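K.L.:
Mind looking over this structure? Questions follow.
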Amino acid sequence: MTMHIDYGPGDALLVVDMQNDFCEGGALAVTGGRGLVPGINAEIAAAAAAGALVIASRDWHPVDHASFSHRGGPWPPHCVQDTPGAAFHPDLSLPGEALRVSKATAFDADAYSAFDATGLAGYLHERGITRVVICGLALDVCVRATALDARRAGFDTLLLAPLSAAVAPESADDCLAELEGAGVEVRQ
């Protein structure tokens with residue numbers, strides 16, 4: 001599925017957390033995650049061809065991260081640094097020049113947004129980026145947080161809803177409504 005977005009040099013396509021642990025068979029799998037890859041690959045190709053910046057965020061947790069259930073957090077261990085589960089999905093076609101942003105790397109703090117303690121907003125402003133186009137996993141967790149932070153940082157923000165999937169599918173409509181209320185353009 002291609003979304004037919006007109007990309008340009010002022011745009012960044014931000015692919016959120018398309019990692020093995022969030023796809024079927026992973027430690028914290030999102031139903032339909034793997035199925036998003038072909039459409040996301042089409043967007044990556046379109047963005048790169050138009051001179052847009054391509055970014056891929058990833059959870060990159062230390063082995064004993066604060067978000068893990070054995071430490072009192074809400075999640076099972078997932079996306080542990082340098083493990084197969086933390087790797088990007090093998091079918092994801094990231095160009096070599098794509099920017100890779102690691103988040104939630106501290107033992108004692110969680111981070112859902114690609115903008116949380118990564119310096120990404122400042123970097124994008126320096127590069128002259130005015131619009132951030134977002135897709136990936138999971139709609140109701142990291143995609144949501146990333147889109148809200150992109151708006152707060154002053155970027156025009158476009159969410160590609162068909163190229164995002166929710167941990168709790170029943171929450172998707174409320175999540176999309178929240179994002180629209182915050183000024184995020186939601187493309188269905």
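Ordered as shown in the structure tokens, chains take letters A, B, and onward, while each chain numbers its residues from 1 and ligands are numbered from 1 in the order shown.
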Just want the 6 Å neighbourhood of Cys135 of chain A, counted on only C-alpha atoms, with same-chain residues fewer than 5 positions away dropped. Output as a PDB file with N, CA and C atoms, in the first residue's frame.

P.N.:
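Below you can see part.pdb, which holds the result:
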```pdb
ATOM      1  N   VAL A  15       9.938   6.339  10.624  1.00  0.00           N
ATOM      2  CA  VAL A  15       9.423   4.989  10.793  1.00  0.00           C
ATOM      3  C   VAL A  15       9.702   4.581  12.237  1.00  0.00           C
ATOM      4  N   LEU A 160       0.423   8.336   9.061  1.00  0.00           N
ATOM      5  CA  LEU A 160      -0.096   7.394   8.063  1.00  0.00           C
ATOM      6  C   LEU A 160      -0.766   6.248   8.808  1.00  0.00           C
ATOM      7  N   LEU A 163      -0.515   2.523   7.936  1.00  0.00           N
ATOM      8  CA  LEU A 163       0.824   1.955   8.070  1.00  0.00           C
ATOM      9  C   LEU A 163       1.270   1.973   9.524  1.00  0.00           C
ATOM     10  N   SER A 164       0.299   1.924  10.426  1.00  0.00           N
ATOM     11  CA  SER A 164       0.536   1.867  11.870  1.00  0.00           C
ATOM     12  C   SER A 164      -0.456   0.867  12.445  1.00  0.00           C
TER      13      SER A 164
END
```

K.L.:
Which residues, written as an NGL selection string, have at least one atom at most 6 Å from segment 45-56 of chain A, with only C-alpha atoms counted and residues fewer than 4 positions away on the same chain left out?

P.N.:
:A and (7-9 or 11-16 or 98-100)

K.L.:
Quick one: write out the picked residues with C-alpha atoms as a PDB file, in the first residue's frame?

P.N.:
```
ATOM      1  CA  TYR A   7       7.579  14.254  -0.236  1.00  0.00           C
ATOM      2  CA  GLY A   8      10.231  16.920  -0.580  1.00  0.00           C
ATOM      3  CA  PRO A   9      13.515  18.020   0.976  1.00  0.00           C
ATOM      4  CA  ASP A  11      10.115  16.428   4.944  1.00  0.00           C
ATOM      5  CA  ALA A  12      11.244  13.602   7.178  1.00  0.00           C
ATOM      6  CA  LEU A  13       9.657  10.158   7.079  1.00  0.00           C
ATOM      7  CA  LEU A  14       9.919   8.759  10.601  1.00  0.00           C
ATOM      8  CA  VAL A  15       9.423   4.989  10.793  1.00  0.00           C
ATOM      9  CA  VAL A  16       8.747   4.130  14.435  1.00  0.00           C
ATOM     10  CA  ALA A  98      18.733   6.545   6.869  1.00  0.00           C
ATOM     11  CA  LEU A  99      19.112   8.082  10.297  1.00  0.00           C
ATOM     12  CA  ARG A 100      18.716   5.542  13.084  1.00  0.00           C
TER      13      ARG A 100
END
```

K.L.:
Show which residues sit within 12 Å of Cys175 of chain A, as a compact mmCIF listing (two decimals) with C-alpha atoms, in the first residue's frame. Count only C-alpha atoms, and ignore same-chain residues fewer than 2 positions away.

P.N.:
```txt
# COMPACT_ATOMS: atom_id res chain seq x y z
CA ALA A 138 2.70 0.77 17.99
CA LEU A 139 0.02 3.31 17.15
CA ASP A 140 -1.29 3.63 20.71
CA VAL A 141 2.14 3.78 22.39
CA CYS A 142 5.33 4.93 20.62
CA VAL A 143 3.72 6.23 17.40
CA ARG A 144 1.27 8.29 19.48
CA ALA A 145 4.01 9.73 21.70
CA ALA A 147 3.44 12.27 16.80
CA LEU A 148 2.46 14.37 19.82
CA LEU A 159 0.33 10.21 10.58
CA ALA A 161 -2.77 5.45 9.94
CA SER A 164 0.54 1.87 11.87
CA ALA A 165 -0.95 -0.80 14.14
CA ALA A 166 -2.07 -0.63 17.77
CA VAL A 167 -1.20 -2.90 20.69
CA ALA A 168 -4.87 -2.61 21.71
CA PRO A 169 -6.83 -2.33 18.43
CA GLU A 170 -9.92 -1.17 20.33
CA SER A 171 -7.98 1.97 21.34
CA ALA A 172 -7.07 2.99 17.78
CA ASP A 173 -10.06 5.27 17.11
CA ALA A 177 -9.04 11.35 17.58
CA GLU A 178 -6.57 12.49 20.25
CA LEU A 179 -3.87 13.04 17.64
CA GLU A 180 -6.21 15.00 15.38
CA GLY A 181 -7.24 17.12 18.38
CA ALA A 182 -3.56 17.90 18.97
CA VAL A 184 -1.74 15.99 13.79
CA VAL A 186 -4.26 11.73 10.14
```

K.L.:
Tell me which of A:Leu124, A:Leu137, A:Ala150, A:Ala106 sits closest to Cys23 of chain A, counting only C-alpha atoms.

P.N.:
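So, comparing all the options, the nearest one is A:Leu137.
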
K.L.:
As a list in words, please: all residues of segment 60-105 of chain A that backbone DSSP puts in strand (DSSP E).

P.N.:
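Answer for segment 60-105 of chain A restricted to strand (DSSP E) is Leu99, Arg100, Val101, Ser102 and Lys103 of chain A.
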
K.L.:
Write out as a CSV table (one decimal) with N, CA and C atoms, in the first residue's frame which residues come within 8 Å of Asn41 of chain A when counting only C-alpha atoms, dropping same-chain ones fewer than 6 positions away.

P.N.:
```csv
chain,number,residue,atom,x,y,z
A,92,LEU,N,12.5,-4.9,6.3
A,92,LEU,CA,12.4,-3.4,6.2
A,92,LEU,C,13.6,-2.9,5.4
A,93,SER,N,13.3,-2.1,4.3
A,93,SER,CA,14.3,-1.7,3.4
A,93,SER,C,14.8,-0.3,3.8
A,94,LEU,N,15.6,-0.2,4.8
A,94,LEU,CA,16.2,1.1,5.2
A,94,LEU,C,17.4,1.4,4.3
```

K.L.:
Pick out the closest residue to Arg58 of chain A from this set: A:Asp6, A:Asp116, A:Glu43, A:Asp108. Count only C-alpha atoms.

P.N.:
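Checking each candidate against Arg58 of chain A, we get A:Asp116 as the closest.
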
K.L.:
May I ask which of the residues A:Arg152, A:His125, A:His4, A:His78 is the closest one to His65 of chain A, counting only C-alpha atoms?

P.N.:
A:His78

K.L.:
Need the shell around Asp21 of chain A: protein/DNA/RNA residues with any atom at most 7 Å away, counting only C-alpha atoms. Skip same-chain ones fewer than 4 positions apart. Format as a count of residues only?

P.N.:
8

K.L.:
So which residues of chain A fall under alpha helix (DSSP H) by DSSP, listed as number ranges by chain?

P.N.:
A: 37-49, 120-126, 144-152, 172-181

K.L.:
Using the selection just defined, write its residues with N, CA, C and O atoms as a short mmCIF file (atom, residue, chain, number, x, y, z; two decimals), in the first residue's frame.

P.N.:
```cif
data_model
loop_
_atom_site.label_atom_id
_atom_site.label_comp_id
_atom_site.auth_asym_id
_atom_site.auth_seq_id
_atom_site.Cartn_x
_atom_site.Cartn_y
_atom_site.Cartn_z
N VAL A 37 5.14 -3.85 6.69
CA VAL A 37 6.46 -3.65 6.09
C VAL A 37 6.40 -3.30 4.60
O VAL A 37 7.06 -2.34 4.18
N PRO A 38 5.64 -4.00 3.75
CA PRO A 38 5.64 -3.62 2.33
C PRO A 38 5.19 -2.18 2.08
O PRO A 38 5.80 -1.47 1.28
N GLY A 39 4.14 -1.75 2.77
CA GLY A 39 3.68 -0.38 2.60
C GLY A 39 4.68 0.64 3.11
O GLY A 39 4.89 1.70 2.49
N ILE A 40 5.32 0.34 4.23
CA ILE A 40 6.34 1.24 4.76
C ILE A 40 7.53 1.29 3.82
O ILE A 40 8.10 2.36 3.57
N ASN A 41 7.91 0.15 3.26
CA ASN A 41 9.01 0.15 2.28
C ASN A 41 8.69 1.04 1.08
O ASN A 41 9.57 1.73 0.56
N ALA A 42 7.43 1.03 0.62
CA ALA A 42 7.03 1.90 -0.50
C ALA A 42 7.17 3.37 -0.10
O ALA A 42 7.62 4.20 -0.91
N GLU A 43 6.81 3.70 1.13
CA GLU A 43 6.97 5.08 1.61
C GLU A 43 8.44 5.47 1.71
O GLU A 43 8.82 6.59 1.36
N ILE A 44 9.26 4.55 2.22
CA ILE A 44 10.70 4.82 2.32
C ILE A 44 11.26 5.13 0.93
O ILE A 44 12.00 6.10 0.75
N ALA A 45 10.89 4.31 -0.05
CA ALA A 45 11.39 4.51 -1.42
C ALA A 45 10.92 5.85 -1.98
O ALA A 45 11.71 6.59 -2.59
N ALA A 46 9.65 6.19 -1.76
CA ALA A 46 9.11 7.46 -2.27
C ALA A 46 9.79 8.65 -1.59
O ALA A 46 10.15 9.64 -2.24
N ALA A 47 9.96 8.57 -0.27
CA ALA A 47 10.59 9.66 0.47
C ALA A 47 12.04 9.85 0.02
O ALA A 47 12.49 10.97 -0.25
N ALA A 48 12.78 8.75 -0.07
CA ALA A 48 14.19 8.83 -0.47
C ALA A 48 14.33 9.39 -1.88
O ALA A 48 15.21 10.23 -2.14
N ALA A 49 13.46 8.96 -2.79
CA ALA A 49 13.53 9.42 -4.18
C ALA A 49 13.27 10.92 -4.29
O ALA A 49 13.79 11.58 -5.19
N LEU A 120 16.54 14.72 18.60
CA LEU A 120 16.03 14.65 17.24
C LEU A 120 15.38 15.96 16.79
O LEU A 120 15.59 16.40 15.66
N ALA A 121 14.60 16.60 17.65
CA ALA A 121 13.91 17.84 17.24
C ALA A 121 14.91 18.90 16.81
O ALA A 121 14.76 19.52 15.74
N GLY A 122 15.95 19.11 17.60
CA GLY A 122 16.95 20.10 17.25
C GLY A 122 17.66 19.76 15.95
O GLY A 122 17.90 20.64 15.10
N TYR A 123 17.96 18.49 15.77
CA TYR A 123 18.62 18.05 14.54
C TYR A 123 17.73 18.34 13.32
O TYR A 123 18.21 18.86 12.30
N LEU A 124 16.44 18.02 13.43
CA LEU A 124 15.54 18.25 12.29
C LEU A 124 15.38 19.74 12.00
O LEU A 124 15.36 20.14 10.83
N HIS A 125 15.27 20.56 13.05
CA HIS A 125 15.19 22.00 12.83
C HIS A 125 16.45 22.51 12.13
O HIS A 125 16.36 23.31 11.20
N GLU A 126 17.62 22.04 12.56
CA GLU A 126 18.88 22.44 11.93
C GLU A 126 18.92 22.06 10.46
O GLU A 126 19.51 22.77 9.64
N ARG A 144 2.04 7.21 18.86
CA ARG A 144 1.27 8.29 19.48
C ARG A 144 2.20 9.31 20.14
O ARG A 144 2.10 10.52 19.90
N ALA A 145 3.10 8.83 20.98
CA ALA A 145 4.01 9.73 21.70
C ALA A 145 4.90 10.51 20.74
O ALA A 145 5.14 11.71 20.93
N THR A 146 5.37 9.85 19.70
CA THR A 146 6.23 10.50 18.72
C THR A 146 5.48 11.58 17.96
O THR A 146 5.99 12.69 17.76
N ALA A 147 4.25 11.28 17.54
CA ALA A 147 3.44 12.27 16.80
C ALA A 147 3.13 13.49 17.68
O ALA A 147 3.23 14.63 17.22
N LEU A 148 2.76 13.26 18.92
CA LEU A 148 2.46 14.37 19.82
C LEU A 148 3.71 15.23 20.05
O LEU A 148 3.63 16.47 20.03
N ASP A 149 4.85 14.60 20.23
CA ASP A 149 6.09 15.36 20.44
C ASP A 149 6.52 16.10 19.17
O ASP A 149 7.08 17.20 19.26
N ALA A 150 6.27 15.53 18.00
CA ALA A 150 6.60 16.22 16.76
C ALA A 150 5.79 17.53 16.66
O ALA A 150 6.33 18.58 16.30
N ARG A 151 4.51 17.45 17.00
CA ARG A 151 3.67 18.67 17.00
C ARG A 151 4.18 19.68 18.03
O ARG A 151 4.29 20.87 17.75
N ARG A 152 4.46 19.20 19.24
CA ARG A 152 4.96 20.10 20.30
C ARG A 152 6.25 20.79 19.88
O ARG A 152 6.53 21.91 20.30
N ALA A 172 -7.57 2.26 18.96
CA ALA A 172 -7.07 2.99 17.78
C ALA A 172 -7.90 4.22 17.47
O ALA A 172 -7.34 5.30 17.22
N ASP A 173 -9.22 4.12 17.47
CA ASP A 173 -10.06 5.27 17.11
C ASP A 173 -9.87 6.42 18.10
O ASP A 173 -9.75 7.58 17.69
N ASP A 174 -9.82 6.12 19.39
CA ASP A 174 -9.60 7.16 20.39
C ASP A 174 -8.23 7.79 20.22
O ASP A 174 -8.06 9.01 20.37
N CYS A 175 -7.24 6.98 19.91
CA CYS A 175 -5.88 7.47 19.71
C CYS A 175 -5.84 8.43 18.52
O CYS A 175 -5.26 9.52 18.60
N LEU A 176 -6.45 8.04 17.41
CA LEU A 176 -6.46 8.89 16.22
C LEU A 176 -7.19 10.20 16.49
O LEU A 176 -6.75 11.27 16.04
N ALA A 177 -8.30 10.13 17.23
CA ALA A 177 -9.04 11.35 17.58
C ALA A 177 -8.19 12.27 18.46
O ALA A 177 -8.19 13.50 18.27
N GLU A 178 -7.46 11.69 19.40
CA GLU A 178 -6.57 12.49 20.25
C GLU A 178 -5.51 13.19 19.41
O GLU A 178 -5.22 14.38 19.61
N LEU A 179 -4.91 12.46 18.48
CA LEU A 179 -3.87 13.04 17.64
C LEU A 179 -4.43 14.17 16.78
O LEU A 179 -3.81 15.24 16.67
N GLU A 180 -5.59 13.95 16.18
CA GLU A 180 -6.21 15.00 15.38
C GLU A 180 -6.50 16.23 16.24
O GLU A 180 -6.29 17.37 15.82
N GLY A 181 -6.97 16.01 17.46
CA GLY A 181 -7.24 17.12 18.38
C GLY A 181 -5.99 17.91 18.74
O GLY A 181 -6.06 19.09 19.06
#
```

K.L.:
Rank A:Ala109, A:Glu185, A:His70, A:Met18 by their smallest atom-to-atom distance to Ala87 of chain A, using only C-alpha atoms, and report the top residue only.

P.N.:
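Of all the options, A:Met18 lies closest to Ala87 of chain A.
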
K.L.:
Excluding Ala111 of chain A and any residue of its chain fewer than 6 positions from it, enumerate the residues within 10 Å of it, using only C-alpha atoms, and give them as a ChimeraX atom specification.

P.N.:
/A:59,61,67,102-105,117-118,142,145-146
